[in-house]
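Enquirer: Sharing start22.txt (compact mmCIF, C-alpha atoms) below.
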# COMPACT_ATOMS: atom_id res chain seq x y z
CA MET A 104 44.92 47.73 -11.38
CA TYR A 105 47.90 49.22 -9.57
CA GLY A 106 47.32 46.95 -6.56
CA LEU A 107 47.19 43.92 -8.84
CA SER A 108 50.42 44.95 -10.60
CA ALA A 109 52.15 45.60 -7.28
CA ARG A 110 51.09 42.25 -5.91
CA ASP A 111 52.33 40.48 -9.06
CA ALA A 112 55.67 42.29 -8.70
CA GLY A 113 56.07 41.02 -5.15
CA PHE A 114 55.12 44.16 -3.22
CA SER A 115 53.77 43.61 0.28
CA VAL A 116 50.55 45.30 1.37
CA ILE A 117 52.60 47.91 3.24
CA ASP A 118 54.84 48.55 0.23
CA ALA A 119 51.91 49.00 -2.14
CA MET A 120 49.97 51.18 0.29
CA ALA A 121 53.04 53.33 1.03
CA MET A 122 53.34 54.05 -2.68
CA SER A 123 49.68 55.05 -2.94
CA ALA A 124 49.59 57.13 0.24
CA ILE A 125 53.05 58.73 0.22
CA ALA A 126 53.95 59.04 -3.47
CA PHE A 127 50.29 59.15 -4.64
CA ALA A 128 51.17 59.36 -8.31
CA GLY A 129 49.33 56.82 -10.44
CA SER A 130 51.42 56.62 -13.59
CA ALA A 131 54.68 56.88 -11.64
CA GLN A 132 53.50 54.09 -9.35
CA PHE A 133 52.73 51.82 -12.29
CA ALA A 134 56.13 52.64 -13.75
CA ALA A 135 57.86 52.02 -10.42
CA VAL A 136 56.30 48.57 -10.17
CA GLY A 137 57.69 47.72 -13.59
CA TYR A 138 61.08 49.21 -12.79
CA VAL A 139 61.38 47.38 -9.47
CA ALA A 140 60.32 44.11 -11.09
CA SER A 141 62.91 44.56 -13.82
CA GLY A 142 65.64 45.44 -11.33
CA LEU A 143 66.23 49.04 -12.41
CA ALA A 144 68.49 50.91 -9.96
CA TRP A 145 66.75 53.35 -7.62
CA PRO A 146 68.39 56.50 -8.99
CA GLY A 147 66.87 55.66 -12.37
CA ILE A 148 63.45 55.18 -10.80
CA ILE A 149 63.71 58.49 -8.95
CA VAL A 150 64.73 60.44 -12.05
CA LEU A 151 61.98 58.86 -14.13
CA THR A 152 59.43 59.60 -11.41
CA ALA A 153 60.47 63.26 -11.39
CA LEU A 154 60.12 63.40 -15.18
CA LEU A 155 56.76 61.62 -15.16
CA ASN A 156 55.38 64.04 -12.59
CA ALA A 157 56.83 67.27 -13.98
CA ARG A 158 53.45 68.09 -15.53
CA HIS A 159 52.10 68.79 -12.05
CA LEU A 160 54.02 72.06 -12.15
CA LEU A 161 51.63 73.22 -14.86
CA TYR A 162 48.65 72.22 -12.75
CA SER A 163 49.81 73.98 -9.62
CA ALA A 164 50.66 77.17 -11.49
CA SER A 165 47.30 77.09 -13.23
CA LEU A 166 45.36 76.64 -9.97
CA ARG A 167 47.30 79.23 -7.97
CA PRO A 168 45.36 82.32 -9.19
CA TRP A 169 42.14 80.63 -8.06
CA LEU A 170 43.50 79.73 -4.64
CA ARG A 171 45.17 83.01 -3.74
CA ASP A 172 42.98 83.42 -0.62
CA VAL A 173 43.77 79.98 0.75
CA PRO A 174 46.29 80.01 3.63
CA LEU A 175 49.84 78.89 2.81
CA ALA A 176 49.66 75.95 5.21
CA HIS A 177 46.53 74.66 3.48
CA ARG A 178 48.09 75.05 0.05
CA SER A 179 51.16 73.16 1.26
CA VAL A 180 48.98 70.16 2.09
CA MET A 181 46.77 70.58 -0.97
CA ALA A 182 49.84 70.17 -3.16
CA HIS A 183 50.30 66.54 -2.13
CA PHE A 184 46.85 65.65 -3.47
CA LEU A 185 47.25 67.37 -6.85
CA THR A 186 46.80 64.74 -9.56
CA ASP A 187 45.62 64.74 -13.16
CA GLU A 188 42.08 63.93 -12.10
CA ALA A 189 42.01 66.37 -9.18
CA PHE A 190 43.22 69.14 -11.47
CA ALA A 191 40.68 68.29 -14.16
CA LEU A 192 37.76 68.24 -11.72
CA THR A 193 38.74 71.36 -9.81
CA ILE A 194 39.67 73.59 -12.75
CA ALA A 195 36.36 72.71 -14.41
CA HIS A 196 34.54 73.43 -11.15
CA PHE A 197 36.36 76.74 -10.55
CA ARG A 198 35.69 77.94 -14.06
CA ARG A 199 32.08 76.88 -13.86
CA ILE A 200 31.41 78.88 -10.70
CA GLY A 201 33.82 81.67 -11.65
CA ARG A 202 36.00 81.62 -8.53
CA GLY A 203 38.22 79.41 -6.37
CA ASP A 204 36.67 76.99 -3.89
CA GLU A 205 38.86 75.30 -1.29
CA ARG A 206 36.19 72.82 -0.21
CA GLY A 207 35.60 71.86 -3.82
CA TYR A 208 39.31 71.09 -4.16
CA TRP A 209 39.35 68.88 -1.07
CA LEU A 210 36.28 67.02 -2.27
CA ALA A 211 37.77 66.37 -5.69
CA ALA A 212 41.32 65.61 -4.57
CA VAL A 213 40.75 63.63 -1.39
CA LEU A 214 37.20 62.29 -1.37
CA PHE A 215 37.00 61.46 -5.07
CA MET A 216 40.65 60.58 -5.73
CA PHE A 217 42.96 59.90 -2.76
CA ILE A 218 40.60 57.73 -0.72
CA PRO A 219 39.26 55.65 -3.64
CA TRP A 220 42.79 55.22 -5.04
CA ASN A 221 44.09 53.90 -1.73
CA LEU A 222 41.06 51.65 -1.19
CA ALA A 223 41.47 50.27 -4.70
CA THR A 224 45.16 49.66 -4.04
CA LEU A 225 44.32 47.76 -0.88
CA GLY A 226 41.67 45.76 -2.69
CA GLY A 227 43.98 44.91 -5.57
CA VAL A 228 46.91 43.82 -3.46
CA VAL A 229 44.82 41.86 -0.94
CA LEU A 230 42.23 40.25 -3.22
CA GLY A 231 44.62 39.77 -6.14
CA GLY A 232 43.52 37.01 -8.49
CA GLN A 233 39.92 37.07 -7.27
CA ILE A 234 39.42 40.32 -9.20
CA PRO A 235 38.50 39.89 -12.89
CA ASP A 236 40.84 41.32 -15.53
CA PRO A 237 40.20 45.11 -15.38
CA SER A 238 40.78 45.51 -19.12
CA ARG A 239 37.80 43.21 -19.79
CA LEU A 240 35.68 45.60 -17.74
CA GLY A 241 36.85 48.56 -19.83
CA ILE A 242 38.22 50.34 -16.76
CA ASP A 243 41.34 51.47 -18.62
CA ILE A 244 39.29 53.66 -20.97
CA ILE A 245 37.80 55.74 -18.15
CA PHE A 246 40.94 57.86 -17.66
CA PRO A 247 41.43 59.09 -21.26
CA ALA A 248 37.67 59.41 -21.82
CA ALA A 249 37.28 61.48 -18.63
CA MET A 250 40.25 63.67 -19.58
CA VAL A 251 38.88 64.41 -23.05
CA GLY A 252 35.38 65.01 -21.65
CA LEU A 253 36.68 67.44 -19.03
CA ALA A 254 38.86 69.16 -21.64
CA ALA A 255 35.77 69.62 -23.81
CA GLY A 256 34.02 71.25 -20.88
CA LEU A 257 36.84 73.79 -20.60
CA ILE A 258 36.57 74.85 -24.24
CA THR A 259 34.49 78.01 -24.49
CA GLY A 260 36.20 79.76 -27.37
CA ARG A 261 38.69 79.43 -30.19
CA ARG A 262 41.67 80.00 -27.92
CA GLU A 263 40.83 77.00 -25.73
CA LEU A 264 39.97 74.90 -28.78
CA THR A 265 43.27 75.76 -30.44
CA ALA A 266 45.23 75.08 -27.25
CA ALA A 267 43.54 71.67 -26.86
CA ILE A 268 44.02 70.54 -30.45
CA VAL A 269 47.62 71.73 -30.64
CA GLY A 270 48.37 70.33 -27.18
CA ALA A 271 47.06 66.92 -28.20
CA GLY A 272 48.97 66.97 -31.50
CA ILE A 273 52.23 68.03 -29.92
CA GLY A 274 51.70 65.57 -27.08
CA VAL A 275 51.39 62.62 -29.44
CA THR A 276 54.22 63.74 -31.74
CA VAL A 277 56.69 64.42 -28.96
CA GLY A 278 55.44 61.38 -27.06
CA LEU A 279 56.34 59.15 -29.98
CA LEU A 280 59.79 60.70 -30.24
CA LEU A 281 60.75 61.16 -26.59
CA GLY A 282 58.22 59.16 -24.58
CA PRO A 283 54.71 59.87 -23.22
CA PRO A 284 55.73 61.92 -20.14
CA VAL A 285 57.73 64.39 -22.22
CA GLY A 286 54.93 64.54 -24.79
CA ILE A 287 52.32 65.44 -22.16
CA VAL A 288 54.49 68.21 -20.71
CA ALA A 289 55.32 69.54 -24.19
CA GLY A 290 51.65 69.55 -25.20
CA GLY A 291 50.67 71.28 -21.98
CA LEU A 292 53.37 73.93 -22.40
CA LEU A 293 53.14 74.65 -26.11
CA GLY A 294 49.39 74.22 -26.71
CA PRO A 295 48.52 77.34 -24.67
CA LEU A 296 51.24 79.35 -26.44
CA VAL A 297 49.63 78.63 -29.80
CA GLY A 298 46.20 79.28 -28.30
CA LEU A 299 47.33 82.76 -27.29
CA LEU A 300 48.07 83.53 -30.94
CA VAL A 301 44.32 83.60 -31.58
CA PRO A 302 43.42 87.31 -31.26
CA ALA A 303 41.07 88.05 -28.37
CA ALA A 304 38.63 89.68 -30.79
CA ALA A 305 38.42 86.45 -32.77
CA ALA A 306 38.31 84.12 -29.77
CA HIS A 307 34.47 83.97 -29.73
CA GLU A 308 34.30 83.36 -26.01
CA THR A 309 30.83 81.91 -25.50
CA ALA A 310 30.84 81.41 -21.74
CA PRO A 311 32.80 84.03 -19.80
CA LEU A 312 33.85 83.01 -16.31
CA GLY A 313 31.18 83.17 -13.62
CA THR A 314 28.23 83.70 -15.97
CA GLU A 315 25.10 81.60 -16.33
CA ALA A 316 26.42 80.42 -19.67
CA SER A 317 29.60 79.28 -17.97
CA ALA A 318 27.66 77.44 -15.26
CA GLU A 319 25.64 75.65 -17.90
CA ARG A 320 28.66 75.00 -20.07
CA TYR A 321 30.76 73.44 -17.34
CA ALA A 322 27.93 71.51 -15.72
CA LEU A 323 29.33 68.21 -14.53
CA PRO A 324 27.54 65.14 -13.23
CA ILE A 325 28.96 65.85 -9.80
CA ALA A 326 27.82 69.11 -8.22
CA LEU A 327 30.63 70.19 -5.90
CA GLU A 328 29.79 72.24 -2.86
CA HIS A 329 30.92 75.85 -2.84
CA ASP A 330 30.60 79.04 -0.89
CA HIS A 331 30.64 82.67 -1.98
CA GLY A 332 32.86 85.67 -1.43
CA HIS A 333 36.11 84.82 -3.26
CA GLU A 334 37.49 86.73 -6.17
CA HIS A 335 38.36 84.89 -9.35
CA PRO A 336 41.41 85.37 -11.56
CA GLY A 337 39.39 87.38 -14.05
CA ASP A 338 38.75 90.06 -11.42
CA GLU A 339 42.08 91.71 -11.91
CA ARG A 340 42.31 91.06 -15.59
CA GLY A 341 39.78 93.74 -16.46
CA MET B 108 60.49 50.46 7.26
CA THR B 109 60.94 48.29 4.18
CA ASN B 110 63.10 49.26 1.23
CA LEU B 111 60.09 49.98 -0.94
CA VAL B 112 58.61 52.32 1.67
CA VAL B 113 61.88 54.26 1.47
CA LEU B 114 61.49 54.30 -2.31
CA ALA B 115 57.95 55.67 -1.89
CA VAL B 116 59.33 58.46 0.31
CA LEU B 117 61.98 59.29 -2.30
CA MET B 118 59.31 59.33 -5.03
CA PHE B 119 57.31 61.75 -2.89
CA ALA B 120 60.41 63.91 -2.47
CA VAL B 121 60.80 64.37 -6.22
CA THR B 122 57.07 64.70 -6.91
CA TYR B 123 56.04 67.17 -4.22
CA PRO B 124 58.13 70.10 -5.53
CA SER B 125 56.43 70.06 -8.93
CA ARG B 126 53.03 69.94 -7.21
CA ALA B 127 53.85 72.66 -4.70
CA LEU B 128 55.99 75.13 -6.62
CA GLY B 129 53.12 76.79 -8.43
CA LEU B 130 50.82 76.79 -5.41
CA LEU B 131 53.41 78.19 -3.00
CA THR B 132 55.61 80.54 -5.03
CA PRO B 133 54.99 84.12 -3.84
CA GLY B 134 53.61 86.50 -6.44
CA LEU B 135 52.40 83.86 -8.84
CA ASP B 136 48.83 85.05 -8.26
CA ARG B 137 49.72 88.59 -9.39
CA LEU B 138 50.92 87.77 -12.86
CA PRO B 139 50.42 89.99 -15.91
CA LYS B 140 47.27 89.43 -17.95
CA VAL B 141 49.03 87.53 -20.72
CA ALA B 142 50.45 85.07 -18.19
CA LEU B 143 47.02 84.53 -16.63
CA ASP B 144 45.55 84.04 -20.09
CA TYR B 145 48.27 81.44 -20.72
CA LEU B 146 47.47 79.59 -17.49
CA GLN B 147 43.76 79.57 -18.39
CA LEU B 148 44.68 77.61 -21.52
CA VAL B 149 46.84 75.05 -19.71
CA GLY B 150 43.78 73.04 -18.61
CA PRO B 151 42.34 72.24 -22.03
CA ALA B 152 45.81 71.72 -23.53
CA VAL B 153 47.21 69.36 -20.92
CA LEU B 154 43.99 67.35 -20.53
CA ALA B 155 43.73 66.92 -24.31
CA ALA B 156 47.39 65.92 -24.42
CA LEU B 157 46.87 63.38 -21.63
CA ALA B 158 43.90 61.82 -23.43
CA ALA B 159 45.57 61.75 -26.83
CA VAL B 160 48.86 60.35 -25.57
CA THR B 161 47.10 57.71 -23.48
CA VAL B 162 45.14 56.28 -26.42
CA MET B 163 47.62 56.90 -29.24
CA VAL B 164 51.05 56.20 -27.75
CA VAL B 165 51.98 52.86 -26.24
CA VAL B 166 55.34 51.90 -24.83
CA GLY B 167 56.45 48.38 -25.72
CA GLU B 168 58.41 45.98 -23.58
CA ASP B 169 61.56 47.31 -25.24
CA GLY B 170 60.73 50.76 -23.87
CA GLU B 171 60.15 52.27 -27.31
CA PRO B 172 56.97 54.31 -27.85
CA SER B 173 54.85 53.47 -30.88
CA PHE B 174 51.65 54.74 -32.48
CA HIS B 175 48.57 52.82 -31.40
CA VAL B 176 45.33 52.48 -33.34
CA GLY B 177 42.47 50.71 -31.60
CA ILE B 178 38.91 50.66 -30.40
CA GLU B 179 39.96 53.09 -27.65
CA TRP B 180 39.94 55.87 -30.26
CA VAL B 181 36.29 55.20 -31.03
CA ALA B 182 35.39 55.04 -27.35
CA VAL B 183 37.09 58.34 -26.54
CA LEU B 184 35.58 60.08 -29.58
CA VAL B 185 32.10 58.85 -28.66
CA CYS B 186 32.62 60.13 -25.10
CA LEU B 187 33.69 63.48 -26.54
CA ALA B 188 30.62 63.61 -28.79
CA VAL B 189 28.28 62.81 -25.90
CA VAL B 190 29.84 65.51 -23.71
CA VAL B 191 29.65 68.11 -26.50
CA ARG B 192 26.07 67.19 -27.44
CA TRP B 193 24.47 66.52 -24.06
CA ARG B 194 26.97 68.04 -21.58
CA ASN B 195 26.94 64.82 -19.60
CA LEU B 196 30.32 63.34 -18.73
CA PHE B 197 28.87 60.39 -16.86
CA LEU B 198 26.86 59.34 -19.92
CA GLY B 199 29.97 59.76 -22.07
CA LEU B 200 32.03 57.53 -19.78
CA LEU B 201 29.32 54.87 -19.77
CA ALA B 202 29.25 54.90 -23.57
CA ALA B 203 33.05 54.66 -23.77
CA VAL B 204 33.22 51.75 -21.36
CA ALA B 205 30.36 49.94 -23.13
CA ILE B 206 32.09 50.27 -26.50
CA VAL B 207 35.38 48.91 -25.19
CA VAL B 208 33.77 46.04 -23.28
CA ILE B 209 31.65 44.97 -26.28
CA ALA B 210 34.53 45.33 -28.72
CA ARG B 211 36.92 43.32 -26.57
CA ALA B 212 34.31 40.67 -25.90
CA ALA B 213 33.89 40.41 -29.68
CA GLY B 214 37.61 39.89 -30.09
CA PHE B 215 38.82 43.36 -31.05
CA SER B 216 41.94 43.76 -28.96
CA GLY B 217 42.95 46.96 -30.78
Any chance you could put this one into structure tokens?

Expert:
Amino acid sequence: MYGLSARDAGFSVIDAMAMSAIAFAGSAQFAAVGYVASGLAWPGIIVLTALLNARHLLYSASLRPWLRDVPLAHRSVMAHFLTDEAFALTIAHFRRIGRGDERGYWLAAVLFMFIPWNLATLGGVVLGGQIPDPSRLGIDIIFPAAMVGLAAGLITGRRELTAAIVGAGIGVTVGLLLGPPVGIVAGGLLGPLVGLLVPAAAAHETAPLGTEASAERYALPIALEHDHGHEHPGDERG
Amino acid sequence: MTNLVVLAVLMFAVTYPSRALGLLTPGLDRLPKVALDYLQLVGPAVLAALAAVTVMVVVGEDGEPSFHVGIEWVAVLVCLAVVVRWRNLFLGLLAAVAIVVIARAAGFSG
């Protein structure tokens, strides 16, 4: 869909591919296509891109405890590939197996996201009108449905449930007032705060990290490869 | 290098810091328990917010966000029900896509 939009907005193949490979930020890319087509000045596009992608700060902070054993140089490169989908897949995978897994991250972020996204961009911008309307194929529903499905897989107690419900409610409310990007960041920031208000004794955690129950709970259709020997964030939490 | 390639580089320059800050900041992996508990809850909260905002908030051509009600709600809720009941995300996605395709083919634009 992005490739089609870019082509319609007059982007060359190199322009569209540069956006997908260098910026690699789906929603910001869609927005940039619209902004460029409407003639918005570059400083405006840059500021809006920064705002749209501010939520990645939450993702990187959330993944850091799992990736503490990964060398700094690796983490520096990993950061470029951190997207909504990569975060969703890897955090579910880490929690399922109860520890960090660098290879699992690369699989999710590069093999399942970066490469397909760039191939799809190339296909969209080269094939253009030969591709049927993606909305007729229901492709646009995959993203929100996958996000809600992966969120459900992360809910193992009342704290997570509260954080998810409050995050969604705040996201929509703030999104309507200040725009979707601000709403998503607000929901991601404030939902967990409210979730923490649920006392640990009343949290009813049904699948503690690294247990069989957790493995069953977080089972995904894609079994990511992993190795053993890493600690997980719960190790130092007692 | 074309102008839009330069724009892509500038977009990277403002995106990378938010992606890297958490992964590279020293000491972030030695946070107090309450902070780690908070970070554990970020996943469900932000993914739920992403899903809800995507299907419930649309931005019009005038740039103003508005509340959206459509078949996408049903599709996402069915996906959620499938995942909760059968723990199968792939099946949930198939159901969501099928609902949207059938509804749109029948003329429900939402």

Enquirer: From the options A:Leu230, A:Ala164, A:Leu222, A:Ala182, which residue's atoms come nearest to B:Leu143, counting only C-alpha atoms?

Expert: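 Counting only C-alpha atoms, the residue closest to B:Leu143 is A:Ala164.
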
Enquirer: What are the nearest atom pairs, with distances in Å to one decimal, for all residues of stretch 123-212 of chain A that come at most 12 Å from stretch 224-228 of chain A, using only C-alpha atoms, set out by chain and rising residue number as JSON lines?

Expert:
{"residue": "A:Ser123", "atom": "CA", "partner": "A:Thr224", "partner_atom": "CA", "distance": 7.1}
{"residue": "A:Ala124", "atom": "CA", "partner": "A:Thr224", "partner_atom": "CA", "distance": 9.7}
{"residue": "A:Phe127", "atom": "CA", "partner": "A:Thr224", "partner_atom": "CA", "distance": 10.8}
{"residue": "A:Gly129", "atom": "CA", "partner": "A:Thr224", "partner_atom": "CA", "distance": 10.5}
{"residue": "A:Gln132", "atom": "CA", "partner": "A:Thr224", "partner_atom": "CA", "distance": 10.8}
{"residue": "A:Phe133", "atom": "CA", "partner": "A:Thr224", "partner_atom": "CA", "distance": 11.4}

Enquirer: How close does chain B get to chain A? List, as CSV, each residue of chain B within 6 Å, its nearest atom pair and the distance in Å to one decimal, counting all atoms listed in the file.

Expert:
residue,atom,partner,partner_atom,distance
B:Leu111,CA,A:Asp118,CA,5.6
B:Val112,CA,A:Asp118,CA,5.5
B:Ala115,CA,A:Met122,CA,4.9
B:Met118,CA,A:Ala126,CA,5.6
B:Phe119,CA,A:Ala126,CA,4.4
B:Val121,CA,A:Ala153,CA,5.3
B:Thr122,CA,A:Ala153,CA,5.8
B:Ser125,CA,A:Leu160,CA,4.5
B:Arg126,CA,A:His159,CA,5.1
B:Ala127,CA,A:Ala182,CA,5.0
B:Gly129,CA,A:Ala164,CA,3.9
B:Leu130,CA,A:Arg167,CA,5.0
B:Asp136,CA,A:Pro168,CA,4.5
B:Lys140,CA,A:Arg340,CA,5.7
B:Tyr145,CA,A:Pro295,CA,5.7
B:Leu146,CA,A:Ser165,CA,4.9
B:Leu148,CA,A:Pro295,CA,5.0
B:Val149,CA,A:Pro295,CA,5.7
B:Pro151,CA,A:Ala254,CA,4.7
B:Ala152,CA,A:Ala267,CA,4.0
B:Val153,CA,A:Gly291,CA,4.1
B:Leu154,CA,A:Met250,CA,5.3
B:Ala155,CA,A:Ala271,CA,5.1
B:Ala156,CA,A:Ala271,CA,3.9
B:Leu157,CA,A:Ile287,CA,5.9
B:Ala158,CA,A:Pro247,CA,4.3
B:Ala159,CA,A:Ala271,CA,5.6
B:Val160,CA,A:Val275,CA,5.2
B:Pro172,CA,A:Leu279,CA,5.3
B:Ser173,CA,A:Leu279,CA,5.9
B:Val183,CA,A:Ala248,CA,4.9
B:Leu187,CA,A:Gly252,CA,5.4
B:Val190,CA,A:Gly252,CA,5.9
B:Val204,CA,A:Gly241,CA,5.1
B:Val207,CA,A:Gly241,CA,5.6
B:Val208,CA,A:Gly241,CA,5.3

Enquirer: Could you state the separation of atom CA of A:Ser108 and atom CA of A:Leu192 in Å, given to one decimal place?

Expert: 26.5 Å

Enquirer: As an exercise, work out the distance from atom CA of B:His175 to atom CA of B:Val162 in Å and give it to one decimal place.

Expert: 7.0 Å

Enquirer: Work out how far atom CA of A:Gly137 is from atom CA of A:Ala109, in Å to one decimal.

Expert: 8.7 Å
